[in-house]
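*Asks:* For reference, the file data-v8.cif (mmCIF, N, CA and C atoms) is included below:
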```
data_my_file
#
loop_
_atom_site.label_atom_id
_atom_site.label_comp_id
_atom_site.auth_asym_id
_atom_site.auth_seq_id
_atom_site.Cartn_x
_atom_site.Cartn_y
_atom_site.Cartn_z
N MET A 7 -14.36 -33.78 41.13
CA MET A 7 -14.30 -32.35 41.02
C MET A 7 -12.93 -31.88 40.52
N LYS A 8 -11.88 -32.48 41.08
CA LYS A 8 -10.54 -32.13 40.65
C LYS A 8 -10.36 -32.45 39.17
N ARG A 9 -10.90 -33.56 38.75
CA ARG A 9 -10.77 -33.99 37.36
C ARG A 9 -11.49 -32.99 36.43
N GLN A 10 -12.66 -32.53 36.83
CA GLN A 10 -13.41 -31.56 36.03
C GLN A 10 -12.64 -30.25 35.92
N MET A 11 -12.04 -29.81 37.01
CA MET A 11 -11.26 -28.57 37.00
C MET A 11 -10.06 -28.69 36.06
N MET A 12 -9.42 -29.86 36.09
CA MET A 12 -8.27 -30.08 35.20
C MET A 12 -8.71 -30.07 33.75
N CYS A 13 -9.86 -30.67 33.45
CA CYS A 13 -10.39 -30.69 32.08
C CYS A 13 -10.71 -29.28 31.61
N VAL A 14 -11.35 -28.50 32.46
CA VAL A 14 -11.68 -27.12 32.12
C VAL A 14 -10.40 -26.32 31.86
N ALA A 15 -9.41 -26.48 32.70
CA ALA A 15 -8.14 -25.78 32.53
C ALA A 15 -7.45 -26.19 31.23
N LEU A 16 -7.49 -27.48 30.92
CA LEU A 16 -6.87 -27.97 29.70
C LEU A 16 -7.57 -27.41 28.47
N ILE A 17 -8.89 -27.43 28.47
CA ILE A 17 -9.66 -26.89 27.34
C ILE A 17 -9.40 -25.39 27.18
N ALA A 18 -9.39 -24.67 28.27
CA ALA A 18 -9.12 -23.23 28.21
C ALA A 18 -7.72 -22.96 27.66
N GLY A 19 -6.76 -23.75 28.08
CA GLY A 19 -5.40 -23.59 27.58
C GLY A 19 -5.30 -23.87 26.10
N LEU A 20 -5.97 -24.90 25.64
CA LEU A 20 -5.95 -25.22 24.21
C LEU A 20 -6.64 -24.14 23.40
N MET A 21 -7.74 -23.63 23.89
CA MET A 21 -8.46 -22.58 23.18
C MET A 21 -7.62 -21.31 23.10
N SER A 22 -6.93 -20.96 24.17
CA SER A 22 -6.12 -19.74 24.13
C SER A 22 -4.93 -19.91 23.20
N SER A 23 -4.35 -21.10 23.11
CA SER A 23 -3.24 -21.30 22.19
C SER A 23 -3.71 -21.21 20.74
N GLN A 24 -4.95 -21.59 20.48
CA GLN A 24 -5.50 -21.44 19.13
C GLN A 24 -5.61 -19.96 18.76
N ALA A 25 -5.99 -19.14 19.72
CA ALA A 25 -6.11 -17.71 19.45
C ALA A 25 -4.76 -17.11 19.08
N PHE A 26 -3.69 -17.58 19.72
CA PHE A 26 -2.36 -17.06 19.41
C PHE A 26 -1.78 -17.66 18.14
N ALA A 27 -2.40 -18.69 17.60
CA ALA A 27 -1.89 -19.35 16.41
C ALA A 27 -2.34 -18.66 15.12
N ARG A 28 -3.07 -17.57 15.23
CA ARG A 28 -3.57 -16.87 14.04
C ARG A 28 -2.41 -16.51 13.12
N ASP A 29 -2.60 -16.72 11.84
CA ASP A 29 -1.61 -16.34 10.83
C ASP A 29 -2.38 -15.85 9.61
N THR A 30 -2.72 -14.59 9.65
CA THR A 30 -3.49 -13.98 8.58
C THR A 30 -2.53 -13.43 7.54
N VAL A 31 -2.62 -13.94 6.32
CA VAL A 31 -1.77 -13.45 5.24
C VAL A 31 -2.56 -12.42 4.44
N ALA A 32 -1.98 -11.24 4.28
CA ALA A 32 -2.64 -10.16 3.54
C ALA A 32 -1.59 -9.41 2.73
N ASN A 33 -2.07 -8.61 1.80
CA ASN A 33 -1.19 -7.79 0.97
C ASN A 33 -1.35 -6.33 1.37
N TYR A 34 -0.23 -5.62 1.38
CA TYR A 34 -0.21 -4.22 1.78
C TYR A 34 0.56 -3.40 0.76
N SER A 35 0.35 -2.10 0.79
CA SER A 35 0.97 -1.18 -0.15
C SER A 35 2.48 -1.01 0.10
N VAL A 36 3.26 -1.22 -0.95
CA VAL A 36 4.71 -1.00 -0.88
C VAL A 36 4.97 0.48 -0.61
N GLU A 37 4.30 1.36 -1.33
CA GLU A 37 4.52 2.79 -1.19
C GLU A 37 4.22 3.27 0.24
N SER A 38 3.10 2.82 0.79
CA SER A 38 2.74 3.23 2.16
C SER A 38 3.77 2.72 3.16
N ALA A 39 4.22 1.49 2.96
CA ALA A 39 5.21 0.92 3.88
C ALA A 39 6.53 1.68 3.80
N LEU A 40 6.97 2.01 2.59
CA LEU A 40 8.23 2.74 2.43
C LEU A 40 8.17 4.12 3.07
N LYS A 41 6.97 4.71 3.13
CA LYS A 41 6.81 6.04 3.73
C LYS A 41 6.48 5.97 5.22
N SER A 42 6.21 4.78 5.75
CA SER A 42 5.71 4.66 7.12
C SER A 42 6.73 5.03 8.19
N GLU A 43 8.01 4.84 7.94
CA GLU A 43 9.05 5.17 8.91
C GLU A 43 10.19 5.84 8.14
N SER A 44 10.20 7.15 8.14
CA SER A 44 11.20 7.86 7.35
C SER A 44 12.61 7.56 7.85
N GLY A 45 13.53 7.51 6.90
CA GLY A 45 14.93 7.28 7.22
C GLY A 45 15.33 5.83 7.37
N LYS A 46 14.40 4.90 7.23
CA LYS A 46 14.72 3.47 7.40
C LYS A 46 15.36 2.86 6.15
N VAL A 47 14.99 3.37 4.99
CA VAL A 47 15.46 2.80 3.73
C VAL A 47 16.49 3.73 3.11
N ASP A 48 17.58 3.17 2.63
CA ASP A 48 18.67 3.94 2.02
C ASP A 48 18.25 4.41 0.63
N PRO A 49 18.11 5.72 0.42
CA PRO A 49 17.68 6.21 -0.90
C PRO A 49 18.74 6.04 -1.98
N ASP A 50 19.98 5.73 -1.60
CA ASP A 50 21.06 5.57 -2.57
C ASP A 50 21.09 4.16 -3.18
N ILE A 51 20.30 3.24 -2.64
CA ILE A 51 20.22 1.89 -3.20
C ILE A 51 18.83 1.72 -3.79
N ALA A 52 18.78 1.65 -5.12
CA ALA A 52 17.50 1.60 -5.82
C ALA A 52 16.77 0.28 -5.59
N LEU A 53 15.45 0.39 -5.50
CA LEU A 53 14.58 -0.77 -5.32
C LEU A 53 13.58 -0.83 -6.47
N TYR A 54 13.53 -1.96 -7.15
CA TYR A 54 12.58 -2.16 -8.24
C TYR A 54 11.81 -3.43 -7.96
N PHE A 55 10.51 -3.27 -7.76
CA PHE A 55 9.67 -4.42 -7.46
C PHE A 55 9.24 -5.09 -8.76
N ALA A 56 8.76 -6.31 -8.65
CA ALA A 56 8.41 -7.14 -9.81
C ALA A 56 7.62 -6.35 -10.84
N GLY A 57 8.11 -6.38 -12.06
CA GLY A 57 7.40 -5.73 -13.15
C GLY A 57 7.79 -4.27 -13.38
N GLN A 58 8.53 -3.67 -12.49
CA GLN A 58 8.92 -2.27 -12.67
C GLN A 58 10.10 -2.18 -13.63
N LYS A 59 10.03 -1.21 -14.51
CA LYS A 59 11.14 -0.98 -15.45
C LYS A 59 12.32 -0.39 -14.69
N HIS A 60 13.51 -0.77 -15.14
CA HIS A 60 14.75 -0.29 -14.52
C HIS A 60 15.81 -0.18 -15.60
N PRO A 61 16.88 0.57 -15.35
CA PRO A 61 17.98 0.64 -16.31
C PRO A 61 18.58 -0.76 -16.53
N GLY A 62 19.35 -0.90 -17.58
CA GLY A 62 19.99 -2.17 -17.88
C GLY A 62 20.93 -2.63 -16.77
N VAL A 63 21.13 -3.92 -16.70
CA VAL A 63 21.98 -4.51 -15.67
C VAL A 63 23.40 -4.64 -16.20
N ALA A 64 24.35 -4.03 -15.50
CA ALA A 64 25.76 -4.16 -15.85
C ALA A 64 26.34 -5.44 -15.26
N LYS A 65 25.91 -5.79 -14.04
CA LYS A 65 26.41 -6.99 -13.37
C LYS A 65 25.36 -7.50 -12.39
N SER A 66 25.16 -8.81 -12.41
CA SER A 66 24.25 -9.45 -11.45
C SER A 66 25.06 -10.23 -10.43
N PHE A 67 24.67 -10.10 -9.18
CA PHE A 67 25.33 -10.84 -8.09
C PHE A 67 24.49 -12.03 -7.64
N GLY A 68 23.32 -12.19 -8.24
CA GLY A 68 22.45 -13.30 -7.91
C GLY A 68 21.21 -12.87 -7.13
N GLU A 69 20.34 -13.85 -6.92
CA GLU A 69 19.11 -13.61 -6.17
C GLU A 69 19.34 -13.92 -4.70
N PHE A 70 18.84 -13.04 -3.84
CA PHE A 70 18.99 -13.21 -2.40
C PHE A 70 17.62 -13.10 -1.74
N ALA A 71 17.47 -13.79 -0.61
CA ALA A 71 16.18 -13.83 0.08
C ALA A 71 16.32 -13.31 1.51
N THR A 72 15.22 -12.79 2.01
CA THR A 72 15.12 -12.37 3.40
C THR A 72 13.92 -13.07 4.02
N ASN A 73 13.93 -13.19 5.33
CA ASN A 73 12.78 -13.73 6.05
C ASN A 73 12.80 -13.08 7.43
N LYS A 74 12.07 -12.00 7.57
CA LYS A 74 12.12 -11.20 8.79
C LYS A 74 10.82 -11.35 9.59
N LYS A 75 10.98 -11.27 10.91
CA LYS A 75 9.85 -11.33 11.84
C LYS A 75 9.94 -10.12 12.77
N THR A 76 8.79 -9.71 13.30
CA THR A 76 8.77 -8.63 14.28
C THR A 76 7.67 -8.88 15.29
N ASN A 77 7.80 -8.24 16.43
CA ASN A 77 6.79 -8.30 17.47
C ASN A 77 5.53 -7.58 16.97
N ALA A 78 4.40 -8.27 16.96
CA ALA A 78 3.15 -7.67 16.51
C ALA A 78 2.19 -7.40 17.66
N PHE A 79 2.64 -7.67 18.87
CA PHE A 79 1.76 -7.51 20.03
C PHE A 79 1.31 -6.06 20.17
N ASN A 80 0.01 -5.88 20.29
CA ASN A 80 -0.60 -4.57 20.52
C ASN A 80 -0.38 -3.61 19.35
N LYS A 81 -0.19 -4.15 18.13
CA LYS A 81 -0.06 -3.33 16.93
C LYS A 81 -1.10 -3.82 15.93
N SER A 82 -1.53 -2.95 15.06
CA SER A 82 -2.41 -3.39 13.98
C SER A 82 -1.59 -4.28 13.04
N ASP A 83 -2.25 -5.16 12.31
CA ASP A 83 -1.54 -6.00 11.35
C ASP A 83 -0.78 -5.13 10.35
N GLU A 84 -1.43 -4.07 9.87
CA GLU A 84 -0.77 -3.22 8.88
C GLU A 84 0.48 -2.55 9.43
N ALA A 85 0.40 -2.02 10.65
CA ALA A 85 1.57 -1.36 11.24
C ALA A 85 2.71 -2.35 11.45
N ALA A 86 2.40 -3.53 11.96
CA ALA A 86 3.43 -4.55 12.18
C ALA A 86 4.03 -4.98 10.84
N CYS A 87 3.18 -5.16 9.84
CA CYS A 87 3.66 -5.60 8.52
C CYS A 87 4.52 -4.53 7.85
N GLN A 88 4.14 -3.28 7.98
CA GLN A 88 4.96 -2.22 7.41
C GLN A 88 6.34 -2.19 8.06
N HIS A 89 6.37 -2.33 9.37
CA HIS A 89 7.64 -2.30 10.09
C HIS A 89 8.56 -3.46 9.66
N VAL A 90 8.00 -4.65 9.59
CA VAL A 90 8.83 -5.81 9.23
C VAL A 90 9.21 -5.79 7.75
N PHE A 91 8.35 -5.22 6.92
CA PHE A 91 8.69 -5.04 5.49
C PHE A 91 9.94 -4.17 5.36
N LEU A 92 9.99 -3.08 6.12
CA LEU A 92 11.17 -2.20 6.07
C LEU A 92 12.42 -2.95 6.52
N SER A 93 12.29 -3.81 7.50
CA SER A 93 13.44 -4.62 7.94
C SER A 93 13.92 -5.54 6.83
N ALA A 94 12.98 -6.13 6.11
CA ALA A 94 13.33 -7.03 5.00
C ALA A 94 14.01 -6.25 3.87
N VAL A 95 13.49 -5.07 3.57
CA VAL A 95 14.09 -4.23 2.53
C VAL A 95 15.50 -3.82 2.94
N ARG A 96 15.66 -3.44 4.19
CA ARG A 96 17.00 -3.05 4.68
C ARG A 96 17.98 -4.22 4.58
N GLU A 97 17.51 -5.42 4.84
CA GLU A 97 18.39 -6.59 4.71
C GLU A 97 18.83 -6.76 3.26
N LEU A 98 17.92 -6.57 2.31
CA LEU A 98 18.30 -6.64 0.89
C LEU A 98 19.32 -5.54 0.57
N GLN A 99 19.10 -4.35 1.10
CA GLN A 99 20.04 -3.26 0.84
C GLN A 99 21.41 -3.54 1.48
N ASP A 100 21.41 -4.17 2.63
CA ASP A 100 22.69 -4.57 3.24
C ASP A 100 23.43 -5.55 2.33
N ARG A 101 22.70 -6.44 1.70
CA ARG A 101 23.32 -7.41 0.77
C ARG A 101 23.89 -6.68 -0.43
N VAL A 102 23.20 -5.66 -0.93
CA VAL A 102 23.72 -4.86 -2.05
C VAL A 102 25.07 -4.25 -1.67
N ARG A 103 25.15 -3.68 -0.47
CA ARG A 103 26.41 -3.09 -0.01
C ARG A 103 27.51 -4.15 0.06
N LYS A 104 27.17 -5.30 0.61
CA LYS A 104 28.15 -6.38 0.77
C LYS A 104 28.68 -6.87 -0.58
N GLU A 105 27.80 -6.96 -1.56
CA GLU A 105 28.19 -7.47 -2.88
C GLU A 105 28.82 -6.40 -3.76
N GLY A 106 28.60 -5.13 -3.43
CA GLY A 106 29.17 -4.05 -4.23
C GLY A 106 28.27 -3.58 -5.34
N GLY A 107 26.98 -3.83 -5.26
CA GLY A 107 26.03 -3.40 -6.28
C GLY A 107 25.45 -2.04 -5.96
N ASN A 108 24.38 -1.68 -6.70
CA ASN A 108 23.72 -0.41 -6.42
C ASN A 108 22.19 -0.49 -6.45
N ALA A 109 21.63 -1.72 -6.62
CA ALA A 109 20.17 -1.85 -6.70
C ALA A 109 19.73 -3.28 -6.43
N VAL A 110 18.44 -3.39 -6.14
CA VAL A 110 17.78 -4.70 -6.08
C VAL A 110 16.63 -4.63 -7.07
N ILE A 111 16.58 -5.60 -7.99
CA ILE A 111 15.51 -5.62 -8.99
C ILE A 111 14.65 -6.87 -8.81
N ASN A 112 13.48 -6.81 -9.42
CA ASN A 112 12.54 -7.93 -9.41
C ASN A 112 12.24 -8.43 -7.98
N ILE A 113 12.03 -7.48 -7.07
CA ILE A 113 11.71 -7.84 -5.69
C ILE A 113 10.30 -8.40 -5.65
N LYS A 114 10.16 -9.54 -5.00
CA LYS A 114 8.84 -10.16 -4.85
C LYS A 114 8.71 -10.76 -3.46
N SER A 115 7.48 -10.91 -3.03
CA SER A 115 7.20 -11.55 -1.75
C SER A 115 7.34 -13.05 -1.91
N ASN A 116 7.75 -13.69 -0.82
CA ASN A 116 7.92 -15.14 -0.83
C ASN A 116 7.51 -15.72 0.54
N TYR A 117 6.40 -15.22 1.08
CA TYR A 117 5.97 -15.64 2.42
C TYR A 117 5.56 -17.11 2.38
N ARG A 118 6.16 -17.89 3.26
CA ARG A 118 5.95 -19.34 3.34
C ARG A 118 6.14 -20.02 1.97
N ASN A 119 7.14 -19.53 1.24
CA ASN A 119 7.50 -20.06 -0.08
C ASN A 119 6.38 -19.97 -1.11
N VAL A 120 5.49 -19.01 -0.93
CA VAL A 120 4.46 -18.71 -1.92
C VAL A 120 4.82 -17.37 -2.53
N GLU A 121 5.24 -17.40 -3.79
CA GLU A 121 5.65 -16.17 -4.45
C GLU A 121 4.45 -15.31 -4.80
N PHE A 122 4.60 -14.02 -4.56
CA PHE A 122 3.60 -13.02 -4.93
C PHE A 122 4.36 -11.88 -5.59
N GLU A 123 4.08 -11.67 -6.88
CA GLU A 123 4.77 -10.64 -7.64
C GLU A 123 3.85 -9.45 -7.85
N SER A 124 4.31 -8.30 -7.43
CA SER A 124 3.54 -7.07 -7.61
C SER A 124 4.49 -5.89 -7.51
N ALA A 125 4.24 -4.89 -8.34
CA ALA A 125 5.03 -3.66 -8.27
C ALA A 125 4.52 -2.75 -7.16
N THR A 126 3.31 -3.02 -6.65
CA THR A 126 2.69 -2.09 -5.71
C THR A 126 2.35 -2.70 -4.34
N GLN A 127 2.40 -4.03 -4.20
CA GLN A 127 2.00 -4.66 -2.94
C GLN A 127 3.00 -5.74 -2.52
N PHE A 128 3.00 -6.03 -1.21
CA PHE A 128 3.80 -7.11 -0.66
C PHE A 128 2.91 -7.96 0.24
N SER A 129 3.31 -9.21 0.45
CA SER A 129 2.56 -10.13 1.32
C SER A 129 3.19 -10.15 2.70
N CYS A 130 2.32 -10.30 3.70
CA CYS A 130 2.77 -10.36 5.09
C CYS A 130 1.86 -11.30 5.86
N GLY A 131 2.44 -12.09 6.73
CA GLY A 131 1.66 -12.93 7.63
C GLY A 131 1.69 -12.32 9.01
N ALA A 132 0.52 -12.14 9.60
CA ALA A 132 0.44 -11.52 10.92
C ALA A 132 -0.38 -12.39 11.87
N GLY A 133 0.13 -12.53 13.07
CA GLY A 133 -0.57 -13.25 14.11
C GLY A 133 -0.73 -12.36 15.32
N ALA A 134 -1.16 -12.94 16.42
CA ALA A 134 -1.38 -12.17 17.64
C ALA A 134 -0.07 -11.65 18.22
N MET A 135 1.02 -12.36 17.97
CA MET A 135 2.30 -12.00 18.59
C MET A 135 3.40 -11.62 17.61
N VAL A 136 3.34 -12.14 16.38
CA VAL A 136 4.43 -11.98 15.43
C VAL A 136 3.89 -11.67 14.04
N ALA A 137 4.62 -10.83 13.30
CA ALA A 137 4.34 -10.59 11.89
C ALA A 137 5.61 -10.90 11.11
N GLY A 138 5.44 -11.40 9.89
CA GLY A 138 6.59 -11.78 9.09
C GLY A 138 6.47 -11.40 7.63
N VAL A 139 7.60 -11.05 7.05
CA VAL A 139 7.69 -10.73 5.61
C VAL A 139 8.91 -11.45 5.07
N ALA A 140 8.74 -12.11 3.95
CA ALA A 140 9.86 -12.73 3.24
C ALA A 140 9.90 -12.11 1.84
N LEU A 141 11.06 -11.62 1.48
CA LEU A 141 11.26 -11.03 0.15
C LEU A 141 12.43 -11.71 -0.52
N LYS A 142 12.43 -11.66 -1.84
CA LYS A 142 13.62 -12.04 -2.59
C LYS A 142 13.75 -11.12 -3.78
N GLY A 143 14.99 -10.89 -4.16
CA GLY A 143 15.26 -10.00 -5.26
C GLY A 143 16.66 -10.21 -5.78
N GLU A 144 16.91 -9.70 -6.95
CA GLU A 144 18.22 -9.84 -7.60
C GLU A 144 19.07 -8.62 -7.29
N VAL A 145 20.23 -8.86 -6.72
CA VAL A 145 21.18 -7.79 -6.41
C VAL A 145 22.02 -7.55 -7.65
N VAL A 146 22.07 -6.26 -8.06
CA VAL A 146 22.74 -5.93 -9.31
C VAL A 146 23.47 -4.61 -9.23
N THR A 147 24.30 -4.38 -10.23
CA THR A 147 24.81 -3.05 -10.53
C THR A 147 24.11 -2.63 -11.81
N LEU A 148 23.41 -1.52 -11.75
CA LEU A 148 22.69 -1.03 -12.93
C LEU A 148 23.60 -0.13 -13.75
N LYS A 149 23.38 -0.15 -15.07
CA LYS A 149 24.12 0.74 -15.97
C LYS A 149 23.68 2.17 -15.67
N LYS A 150 24.61 3.08 -15.81
CA LYS A 150 24.30 4.50 -15.54
C LYS A 150 23.88 5.20 -16.79
#
```
Is it possible to give me this structure as structure tokens?
*Replies:*
Amino acid sequence: MKRQMMCVALIAGLMSSQAFARDTVANYSVESALKSESGKVDPDIALYFAGQKHPGVAKSFGEFATNKKTNAFNKSDEAACQHVFLSAVRELQDRVRKEGGNAVINIKSNYRNVEFESATQFSCGAGAMVAGVALKGEVVTLKK
């Protein structure tokens, strides 16, 4: 009897850990995410996603990457992904400040090292407990 109870407990534990292992990768709207929490993104640092036209580059500081995670517990995948996307964008903007530039160009998703280029969408992985967004983009000073 004790052995059966231990087996049942072990199986239940394994099944519950599988439920928490969910990692659903989906694409969400850049525009909706940028509008989801006002005041999070610095309007003075321009953002140009893959394929978007931008002024000429006066100086490039190189390509930089972010990999941000957030608590997704009790949030919709979209809400968690929008929140963590803003964190990733803010990290890119912090890099612009550090390098002395004024924009990030050619921003693309790089979740789990799978590049996704879009001017209108970003990739996000969401599970039961955590959501993550990885972005990379070129930090530059644009010509005026």
*Asks:* Would you mind reading off the distance between CA of Ala134 (chain A) and CA of Ala32 (chain A), one decimal, in Å?
*Replies:*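 Computed distance, CA of Ala134 (chain A) to CA of Ala32 (chain A), equals 14.3 Å.
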*Asks:* Go ahead and compute the interatomic distance for atom N of Ile51 (chain A) and atom C of Ala64 (chain A), in Å to one decimal.
*Replies:*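 Computing the Euclidean distance for atom N of Ile51 (chain A) and atom C of Ala64 (chain A) yields 16.5 Å.
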*Asks:* Could you state the separation of atom C of Gln99 (chain A) and atom N of Asn80 (chain A) in Å, given to one decimal place?
*Replies:*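 Separating atom C of Gln99 (chain A) from atom N of Asn80 (chain A) is a distance of 28.6 Å.
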*Asks:* Between A:Lys74, A:Ile111, A:Ala52, A:Tyr34, which one has atoms that come closest to Gly138 (chain A), using only N, CA and C atoms?
*Replies:*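 Using only N, CA and C atoms, Gly138 (chain A) sits closest to A:Lys74.
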*Asks:* Hey, what does DSSP flag as strand (DSSP E) within chain A? Can you give it to me as a ChimeraX atom specification?
*Replies:* /A:30-35,52-55,63-77,109-117,120-122,127-132,136-148
*Asks:* So which residues fall inside 7 Å of (7.1, -4.9, 9.8) if we count all atoms listed in the file? Mind giving them as a list in words?
*Replies:*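 So the residues meeting the distance criterion are Lys75, Thr76, Ala85, Ala86, Cys87, Gln88, His89, Val90, Phe91, Leu92, Ser93, Ala137, Gly138 and Val139 of chain A.
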*Asks:* Those same residues, written as a PDB file, in the frame of the given file with N, CA and C atoms?
*Replies:*
```pdb
ATOM      1  N   LYS A  75      10.980 -11.270  10.910  1.00  0.00           N
ATOM      2  CA  LYS A  75       9.850 -11.330  11.840  1.00  0.00           C
ATOM      3  C   LYS A  75       9.940 -10.120  12.770  1.00  0.00           C
ATOM      4  N   THR A  76       8.790  -9.710  13.300  1.00  0.00           N
ATOM      5  CA  THR A  76       8.770  -8.630  14.280  1.00  0.00           C
ATOM      6  C   THR A  76       7.670  -8.880  15.290  1.00  0.00           C
ATOM      7  N   ALA A  85       0.400  -2.020  10.650  1.00  0.00           N
ATOM      8  CA  ALA A  85       1.570  -1.360  11.240  1.00  0.00           C
ATOM      9  C   ALA A  85       2.710  -2.350  11.450  1.00  0.00           C
ATOM     10  N   ALA A  86       2.400  -3.530  11.960  1.00  0.00           N
ATOM     11  CA  ALA A  86       3.430  -4.550  12.180  1.00  0.00           C
ATOM     12  C   ALA A  86       4.030  -4.980  10.840  1.00  0.00           C
ATOM     13  N   CYS A  87       3.180  -5.160   9.840  1.00  0.00           N
ATOM     14  CA  CYS A  87       3.660  -5.600   8.520  1.00  0.00           C
ATOM     15  C   CYS A  87       4.520  -4.530   7.850  1.00  0.00           C
ATOM     16  N   GLN A  88       4.140  -3.280   7.980  1.00  0.00           N
ATOM     17  CA  GLN A  88       4.960  -2.220   7.410  1.00  0.00           C
ATOM     18  C   GLN A  88       6.340  -2.190   8.060  1.00  0.00           C
ATOM     19  N   HIS A  89       6.370  -2.330   9.370  1.00  0.00           N
ATOM     20  CA  HIS A  89       7.640  -2.300  10.090  1.00  0.00           C
ATOM     21  C   HIS A  89       8.560  -3.460   9.660  1.00  0.00           C
ATOM     22  N   VAL A  90       8.000  -4.650   9.590  1.00  0.00           N
ATOM     23  CA  VAL A  90       8.830  -5.810   9.230  1.00  0.00           C
ATOM     24  C   VAL A  90       9.210  -5.790   7.750  1.00  0.00           C
ATOM     25  N   PHE A  91       8.350  -5.220   6.920  1.00  0.00           N
ATOM     26  CA  PHE A  91       8.690  -5.040   5.490  1.00  0.00           C
ATOM     27  C   PHE A  91       9.940  -4.170   5.360  1.00  0.00           C
ATOM     28  N   LEU A  92       9.990  -3.080   6.120  1.00  0.00           N
ATOM     29  CA  LEU A  92      11.170  -2.200   6.070  1.00  0.00           C
ATOM     30  C   LEU A  92      12.420  -2.950   6.520  1.00  0.00           C
ATOM     31  N   SER A  93      12.290  -3.810   7.500  1.00  0.00           N
ATOM     32  CA  SER A  93      13.440  -4.620   7.940  1.00  0.00           C
ATOM     33  C   SER A  93      13.920  -5.540   6.830  1.00  0.00           C
ATOM     34  N   ALA A 137       4.620 -10.830  13.300  1.00  0.00           N
ATOM     35  CA  ALA A 137       4.340 -10.590  11.890  1.00  0.00           C
ATOM     36  C   ALA A 137       5.610 -10.900  11.110  1.00  0.00           C
ATOM     37  N   GLY A 138       5.440 -11.400   9.890  1.00  0.00           N
ATOM     38  CA  GLY A 138       6.590 -11.780   9.090  1.00  0.00           C
ATOM     39  C   GLY A 138       6.470 -11.400   7.630  1.00  0.00           C
ATOM     40  N   VAL A 139       7.600 -11.050   7.050  1.00  0.00           N
ATOM     41  CA  VAL A 139       7.690 -10.730   5.610  1.00  0.00           C
ATOM     42  C   VAL A 139       8.910 -11.450   5.070  1.00  0.00           C
TER      43      VAL A 139
END
```
